Amino acid sequence: MGDLWGNSERPTLLPKLTDTYQDFSQREIKVFTQDYDNNSDRNGHVKMPVLLQGVQDDIRVLREQIANNKGGTISIQDLESALVKTEEGLQAKTEQVINQYNNQVRTLPNQEASRFDNNVVAIETTWDMRNQKSADPRKISAHILGRERMRQPQASRNNALLPKRQSVQMPGPTPGQQTKHMLTLRAVLDPQSNMNRQTLNANFGIQLPLINSKQTSKPAYSKPIIGSTIEPLAVLPKANRVDAQLAPPPITEEDARKGIMSLIERGLIPPAAQLTLDPSPVRNRIAPLHEPQVRHRPPQTEAVSLLSGVKLDPATMKHDASKMPAVPPHPKSASSSITETRTPSAKTRVTSSSLRQVKTPATLKTYEMPIQPLEAYYGPPPTTPASGDFKQLSHRFAIQNGRTRDSSSEFIAFKQHYCLTWGSIVTMIKHIEKMLTSYAVPVAFVNGDRLADLAMEFELERPPTEDDLLTVIINREDVEALIGRPGRRFKGPRGKDLAATRIQSSWRMFKDRSEYLEYRRRKWASGVIAISWIMHVKMSKVKVKLKVSREEHLENFRRRARKLAMSWDRIKQHRRTVIHIPSLGLSQDIRDSINEFGIRQNTQMARLCDIRDPNVDVIFVSPVPLSEETLQYYSKLLGLKSAVESGVVEDQCDMGEKYKIIVPEAIKSFPAHRMCLSTLLKYSPRTLKRIKHLIKGCDAYIVTGVPHKDDLSVADYLDVPILSPEPEVAHLYSTKSGCKRVFASAGVEVPPSEFDVYSIGQLHECLAQLVTENLTVKRWLFKLDDCYDGRGIGYCDIAEHLECYQWALKESRRYGEKWNKKWAQEAAYIKIHAEIADVLAKYARPVHEELYEDWSKFLDAFLSQGGVIEATPPSDSITSLTVDMLIEPTGRANVLCMGDQIHAETPFSCWGVSMPQSSVEPDVLNAVCKKVAEACKSRGIIGYLSVDFVTFIDSKTNDQKLWALDLSLHYSDSLAMFQLMSYVSNGKLDLSTHTFNVPPPPQVQKKRRRRLAGQDDEPPPNTSRYAVMSTRLLHTNLAVVHYSVFFQMCRAHGIGYDIKEKQGTVFTLLDSFNREHLGMLTIGDNLQGALATFARNMSVIHQEISAPNMQGETNFKLAITDIESILGTTVENAEDTEAE
């Protein structure tokens, strides 16, 4: 449209101003002449054409006078008088015309009238529709004013004159004409408009062809269809999916059109089917093989459509056109150029990666070629075609040194082609120039078509980025290489300023960031200090509250203990409730080192057998959830009480009212926290409320395991006493050093030892002194104070690795009985002390290497918590035994049971017990136990306790010695299994003879027969019983066997319990879900039989649940080995007894 308005080569839309004036004069004179001849004013008024004719006559006369007086002088006065006369005549005639027009009735012209209608003539001005400004209103206002007045229709002669008023005529077209011109311009600019064809024909006489656009008729909308609008595709029938051997169904033509992937997904073709496509989509073709000389030949230069050959380095740039290499001509065909189609609404940005750019030959690099004007290689820009594709030829121009070469023919052609959208293109060019100037790019070639697309995209959106601007640059790689060089942005016109600004901003950033980081560090530090102080204050307050609360619990514990002591005799004779809490209140480190800690606390399920006393009810708090199968087993086991007493199997009863098994709800809340049972019960309010409801109105007390501080909290909530010492007292005297103090005060014999060792120097000195005094001891033990179940023990065979050992033996023989004197041992002590450190470092070992990797780790733990150095008995035959006692609140001590220990994993851990003990004389053992009980009672210890002894034959005196080793102030596993033994056999332990007797079976009345001469009476039945028991049976293969199957297997192999004979095997179920842990009790009429039955049961169970390739993890084999050694010892002892 720029050509239609401003180009001189094309006809203009409106006539020029001079033509307008000439046409106006000719037409108006013609019209006025006709009016003058045909029409006369009946009222005597002079018409406007007559007045104008008179004015022209006056001016013509004046001109003729001046022309005639060529040779003479012109009088100024005559000239002024003529002009005054003419002016007065024009003014008078103008007033007549104004008065005449004021008295006429005016009407608006008809818009539908023809452009050249004689009656109504349209006003035409050179109106700029885009700028909405008149071309020159001052020049044409007079002509248009007169012409507009002449267009008004004549008033009727009969009409009266209207009152006079002044007419105001605004310069320029009327608002209606402006609106009409705007609508015309919009129709011309929009080819899709319906008025485009009609407007061009009416205003410019251009007849465009009529193109009938096929408009698809829109279907009438009906109600929406609910449900699926397509038919489901066929799938593999259910019969074929169930049975893969059936023949597949045939594939229809419609299914085949869906494609192979659809058939495979719907199951019509098996996924593993081998498919063959005919014809194959892959076709083989012979690959051409080139000769070596052809293969290494450099490629030929091809005609490309991209501008190249420009050296971008300004330092070596040369403008000599003669040295410019030949550049291919501008492409004219689609084969060598990229044909693009662009629409004004296109929003697609072309990137360099999407265009296939052809490189120049290897011998001619872009940045090595000088700059040359584009006009030398390209002809004049192509003219804008009247029709067809405007994008057939690309527009390219150059930007050199940050300025566009706007005088080049390429740029002029580009500007002419995109004249309608030139404003946005200029803005985009400014962005590109700014970018190239800032990076000092010598020259860049721009693709005009892509620039136009980019300008339309970013016309109303965000400003373009550098990546967007680079997409329109033809030699983008070279420009990017320059832009990507470090410091390139500082080589521009304002490079020094930018560099200075960058340095200043970097320094300010560094300085401010350093200050900010320092501020953040101080703020963080102040926050940490504040939070730490707040937490310290809160923790201090909490600790104070806990201390006050625990002191209150301890005071209440002591008060209830005194009350229990006063009423103990009465409580024993009346009905009472015993709350069994088998809690192991050990330190957190020990609890974390014990695998299956909950199962380890549940090894005392046999405490339920306290209901043997008719006055006792039991509430057992289980540390693990129990299955229904386990509960049913214990219900049947405890229901054997009447049958055991009567000896009749059918005589069983329900003991469910005598005991309750309760599981704290906090077990589910703390599954991974190895808390002791007392702590879990403390955080189980519903369980505590239930227990409190069960013991309401009756005497009750708590029997715990290893005492813990939370036992006091539970007892305080339930308001019941605890049958145990204070937790601190129990922990103090249960340590290895604490029990040595008790044994020392009791006056019992202990092995040579030193306790309360806390430093390495003390360790070396004490060990050297002990070795010097006891040269016959081969192995020395190192026990941690907080040792539980033999888990913190180390050993070292000093005598074998001590170099001066033989010399020390000679010295001891030389001194004889004087060897006990310190002066006799001094020399040997010095030598032994010098060697003892190296011997320990090289040969000392921990017993449990899974807990302590080496001696150094064990030594660190030993010195951190203290320990004991102890000698092992100097004998090859050693027997360990355990005695369980009860110190009543009144101070009376009772021995409950005693038994010989059975070892499996290590000789320092008790795995099982054989009861009653048969290794020490009863009187000797009873006397020692009484001394220990008195020492404990003097220290305020009450409740259940167990004492470990070791016995052996002294090689020097050939006498049996009994050493007290350990003291445990808690309810033991052996005592719980003894309660089970008493429950299922209805027997009692004779403390004077250390025998366990059961009631004789009921006598069956027989007919009396005469006894023949020499015939002896029938021997009385054997009522003594021996038992072998353990709660540590472990076999991982038990997890694959349910308890019902396990008991069926045992019955099949004769493993069971005979109620009438009071002999057999009884199990305790410890783990309801994994079933890997088990407890077993075997009762026989002699010790050898009980041991053999126990070993046979383990062997049978192992063979039944194990396979050659699945032995599992178990301790059965080690226990069987130890039992066999005990059997051998008992057989030897029996033979010796018979020989004597």
# chains A, B, ... in the order shown; residues from 1 in each chain; ligands from 1
call {"tool": "residues_around", "arguments": {"residues": "A:Lys1117", "least_positions_apart": "4", "cutoff": "10 Å", "atoms": "only C-alpha atoms", "output": "list in words"}}
result
Ala904, Glu905, Ala1095, Met1098, Ser1099, His1102, Thr1121, Asp1122 and Ile1123 of chain A
call {"tool": "write_last_selection", "arguments": {"atoms": "C-alpha atoms", "output": "compact mmCIF listing (two decimals), in the first residue's frame"}}
result
# COMPACT_ATOMS: atom_id res chain seq x y z
CA ALA A 904 27.40 -74.20 74.00
CA GLU A 905 28.92 -71.18 72.27
CA ALA A 1095 20.68 -84.62 73.32
CA MET A 1098 17.94 -82.00 69.61
CA SER A 1099 19.45 -84.47 67.19
CA HIS A 1102 17.81 -81.09 63.64
CA THR A 1121 29.05 -81.85 72.25
CA ASP A 1122 29.07 -80.35 75.76
CA ILE A 1123 26.35 -82.75 76.92
call {"tool": "residues_around", "arguments": {"residues": "A:Ile722", "least_positions_apart": "2", "cutoff": "6 Å", "atoms": "only C-alpha atoms", "output": "list of chain:residue names"}}
result
A:Tyr701, A:Ile702, A:Ser724
call {"tool": "write_last_selection", "arguments": {"atoms": "all heavy atoms", "output": "PDB file, in the first residue's frame"}}
result
ATOM      1  N   TYR A 701       2.105 -57.294  94.000  1.00  0.00           N
ATOM      2  CA  TYR A 701       3.474 -56.779  93.946  1.00  0.00           C
ATOM      3  C   TYR A 701       4.067 -57.164  92.597  1.00  0.00           C
ATOM      4  O   TYR A 701       3.573 -58.050  91.894  1.00  0.00           O
ATOM      5  CB  TYR A 701       4.330 -57.296  95.115  1.00  0.00           C
ATOM      6  CG  TYR A 701       4.436 -58.792  95.207  1.00  0.00           C
ATOM      7  CD1 TYR A 701       5.452 -59.486  94.547  1.00  0.00           C
ATOM      8  CD2 TYR A 701       3.546 -59.533  95.982  1.00  0.00           C
ATOM      9  CE1 TYR A 701       5.559 -60.858  94.633  1.00  0.00           C
ATOM     10  CE2 TYR A 701       3.634 -60.903  96.075  1.00  0.00           C
ATOM     11  CZ  TYR A 701       4.657 -61.558  95.395  1.00  0.00           C
ATOM     12  OH  TYR A 701       4.755 -62.921  95.478  1.00  0.00           O
ATOM     13  N   ILE A 702       5.146 -56.457  92.250  1.00  0.00           N
ATOM     14  CA  ILE A 702       5.789 -56.622  90.942  1.00  0.00           C
ATOM     15  C   ILE A 702       7.066 -57.431  91.110  1.00  0.00           C
ATOM     16  O   ILE A 702       7.857 -57.186  92.031  1.00  0.00           O
ATOM     17  CB  ILE A 702       6.108 -55.247  90.303  1.00  0.00           C
ATOM     18  CG1 ILE A 702       4.816 -54.488  89.986  1.00  0.00           C
ATOM     19  CG2 ILE A 702       6.930 -55.411  89.021  1.00  0.00           C
ATOM     20  CD1 ILE A 702       5.056 -53.082  89.460  1.00  0.00           C
ATOM     21  N   SER A 724      12.279 -56.316  94.668  1.00  0.00           N
ATOM     22  CA  SER A 724      13.639 -56.219  94.136  1.00  0.00           C
ATOM     23  C   SER A 724      14.338 -55.075  94.847  1.00  0.00           C
ATOM     24  O   SER A 724      13.690 -54.221  95.458  1.00  0.00           O
ATOM     25  CB  SER A 724      13.620 -55.979  92.619  1.00  0.00           C
ATOM     26  OG  SER A 724      13.150 -54.675  92.323  1.00  0.00           O
TER      27      SER A 724
END
call {"tool": "select_by_dssp", "arguments": {"residues": "stretch 446-664 of chain A", "states": "strand (DSSP E)", "output": "ChimeraX atom specification"}}
result
/A:446-447,576-584,616-621,659-662
call {"tool": "atom_distance", "arguments": {"atom1": "atom CA of A:Ser627", "atom2": "atom CA of A:Asn1115"}}
result
25.2 Å
call {"tool": "closest_residue", "arguments": {"among": "A:Glu291, A:Asp884, A:Asp797, A:Asp610", "to": "A:Lys842", "atoms": "only C-alpha atoms"}}
result
A:Asp797
call {"tool": "residues_around", "arguments": {"residues": "A:Leu637", "least_positions_apart": "3", "cutoff": "12 Å", "atoms": "only C-alpha atoms", "output": "CSV table (one decimal) with N, CA and C atoms, in the first residue's frame"}}
result
chain,number,residue,atom,x,y,z
A,605,MET,N,8.9,-67.2,79.9
A,605,MET,CA,7.4,-67.4,79.9
A,605,MET,C,7.0,-68.4,80.9
A,606,ALA,N,7.9,-69.2,81.5
A,606,ALA,CA,7.6,-70.2,82.5
A,606,ALA,C,7.2,-69.6,83.8
A,608,LEU,N,4.7,-68.1,84.3
A,608,LEU,CA,3.2,-68.4,84.5
A,608,LEU,C,2.9,-69.5,85.4
A,609,CYS,N,3.9,-70.4,85.6
A,609,CYS,CA,3.7,-71.6,86.5
A,609,CYS,C,3.6,-71.2,88.0
A,630,THR,N,0.1,-69.8,70.0
A,630,THR,CA,1.0,-69.8,71.2
A,630,THR,C,0.1,-69.7,72.5
A,631,LEU,N,-0.9,-68.9,72.5
A,631,LEU,CA,-1.8,-68.7,73.6
A,631,LEU,C,-2.5,-70.0,73.9
A,632,GLN,N,-3.0,-70.7,72.9
A,632,GLN,CA,-3.6,-72.0,73.1
A,632,GLN,C,-2.7,-73.0,73.7
A,633,TYR,N,-1.4,-73.0,73.3
A,633,TYR,CA,-0.5,-74.0,73.8
A,633,TYR,C,-0.3,-73.8,75.3
A,634,TYR,N,-0.1,-72.6,75.7
A,634,TYR,CA,0.1,-72.3,77.2
A,634,TYR,C,-1.2,-72.6,77.9
A,640,LEU,N,-2.9,-78.7,82.7
A,640,LEU,CA,-2.5,-80.1,83.1
A,640,LEU,C,-2.3,-80.2,84.6
A,641,LYS,N,-2.6,-79.1,85.3
A,641,LYS,CA,-2.3,-79.2,86.8
A,641,LYS,C,-3.1,-80.3,87.5
A,642,SER,N,-4.4,-80.4,87.2
A,642,SER,CA,-5.2,-81.4,87.9
A,642,SER,C,-4.8,-82.8,87.4
A,643,ALA,N,-4.4,-82.9,86.1
A,643,ALA,CA,-4.0,-84.2,85.6
A,643,ALA,C,-2.7,-84.6,86.2
A,644,VAL,N,-1.8,-83.7,86.5
A,644,VAL,CA,-0.5,-84.0,87.1
A,644,VAL,C,-0.7,-84.4,88.5
A,652,GLN,N,-8.1,-82.8,83.3
A,652,GLN,CA,-7.6,-81.5,83.0
A,652,GLN,C,-8.6,-80.4,83.3
A,653,CYS,N,-8.1,-79.3,83.5
A,653,CYS,CA,-8.9,-78.1,83.9
A,653,CYS,C,-8.5,-76.9,83.1
A,654,ASP,N,-9.3,-75.9,83.2
A,654,ASP,CA,-9.1,-74.6,82.6
A,654,ASP,C,-8.5,-73.6,83.6
A,655,MET,N,-7.3,-73.1,83.4
A,655,MET,CA,-6.7,-72.2,84.4
A,655,MET,C,-6.6,-70.8,83.8
A,656,GLY,N,-7.5,-70.5,82.9
A,656,GLY,CA,-7.5,-69.1,82.2
A,656,GLY,C,-7.8,-68.0,83.2
A,980,LEU,N,8.6,-74.4,86.0
A,980,LEU,CA,7.9,-75.3,85.0
A,980,LEU,C,8.1,-76.7,85.4
A,981,MET,N,9.3,-77.1,85.8
A,981,MET,CA,9.6,-78.4,86.2
A,981,MET,C,8.7,-78.8,87.4
A,983,TYR,N,5.9,-77.5,88.2
A,983,TYR,CA,4.5,-77.5,87.8
A,983,TYR,C,4.1,-78.8,87.1
A,984,VAL,N,4.9,-79.3,86.2
A,984,VAL,CA,4.5,-80.4,85.4
A,984,VAL,C,4.8,-81.8,86.1
A,1057,TYR,N,5.6,-85.9,76.9
A,1057,TYR,CA,5.6,-86.0,78.4
A,1057,TYR,C,4.6,-87.0,78.9
A,1059,ILE,N,2.5,-88.0,81.9
A,1059,ILE,CA,2.0,-87.4,83.1
A,1059,ILE,C,2.0,-88.4,84.2
A,1066,VAL,N,9.0,-81.2,77.7
A,1066,VAL,CA,8.1,-80.1,77.6
A,1066,VAL,C,8.8,-78.9,77.0
A,1067,PHE,N,8.1,-78.2,76.1
A,1067,PHE,CA,8.7,-77.1,75.3
A,1067,PHE,C,8.0,-75.8,75.8
A,1068,THR,N,8.8,-74.7,75.7
A,1068,THR,CA,8.3,-73.3,76.0
A,1068,THR,C,8.5,-72.6,74.6
A,1069,LEU,N,7.4,-72.0,74.2
A,1069,LEU,CA,7.3,-71.3,72.9
A,1069,LEU,C,7.7,-69.8,73.2
call {"tool": "atom_distance", "arguments": {"atom1": "atom CA of A:Pro752", "atom2": "atom CA of A:Thr872"}}
result
8.6 Å
call {"tool": "residues_around", "arguments": {"residues": "stretch 675-691 of chain A", "least_positions_apart": "4", "cutoff": "6 Å", "atoms": "only C-alpha atoms", "output": "PyMOL selection string"}}
result
chain A and resi 583-585+623+664-666+710-711+714
call {"tool": "residues_around", "arguments": {"residues": "A:Ala799", "least_positions_apart": "6", "cutoff": "8 Å", "atoms": "only C-alpha atoms", "output": "list in words"}}
result
Leu775, Val777, Lys778, Arg779 and Tyr805 of chain A
call {"tool": "select_by_dssp", "arguments": {"residues": "stretch 456-619 of chain A", "states": "alpha helix (DSSP H)", "output": "VMD selection string"}}
result
chain A and resid 456 to 457 466 to 470 476 to 483 495 to 573 588 to 593 597 to 601
call {"tool": "residues_around", "arguments": {"residues": "A:Cys739", "least_positions_apart": "5", "cutoff": "12 Å", "atoms": "only C-alpha atoms", "output": "PyMOL selection string"}}
result
chain A and resi 729-734+744-746+748+750+755-756+785-787+867-868+932+935-936+939+945-948+964-969
call {"tool": "closest_residue", "arguments": {"among": "A:Ser759, A:Thr1130, A:Ser532, A:Gln604", "to": "A:Ala861", "atoms": "only C-alpha atoms"}}
result
A:Ser759
call {"tool": "atom_distance", "arguments": {"atom1": "atom CA of A:Ile887", "atom2": "atom CA of A:Ile942"}}
result
4.9 Å
call {"tool": "closest_residue", "arguments": {"among": "A:Thr1129, A:Leu975, A:His903, A:Gly205", "to": "A:Ser919", "atoms": "only C-alpha atoms"}}
result
A:Thr1129
call {"tool": "closest_residue", "arguments": {"among": "A:Pro1000, A:Glu459, A:Arg1025, A:Arg476", "to": "A:Asn447", "atoms": "only C-alpha atoms"}}
result
A:Arg476
call {"tool": "residues_around", "arguments": {"residues": "stretch 432-437 of chain A", "least_positions_apart": "5", "cutoff": "7 Å", "atoms": "only C-alpha atoms", "output": "PyMOL selection string"}}
result
chain A and resi 401-403+469+492
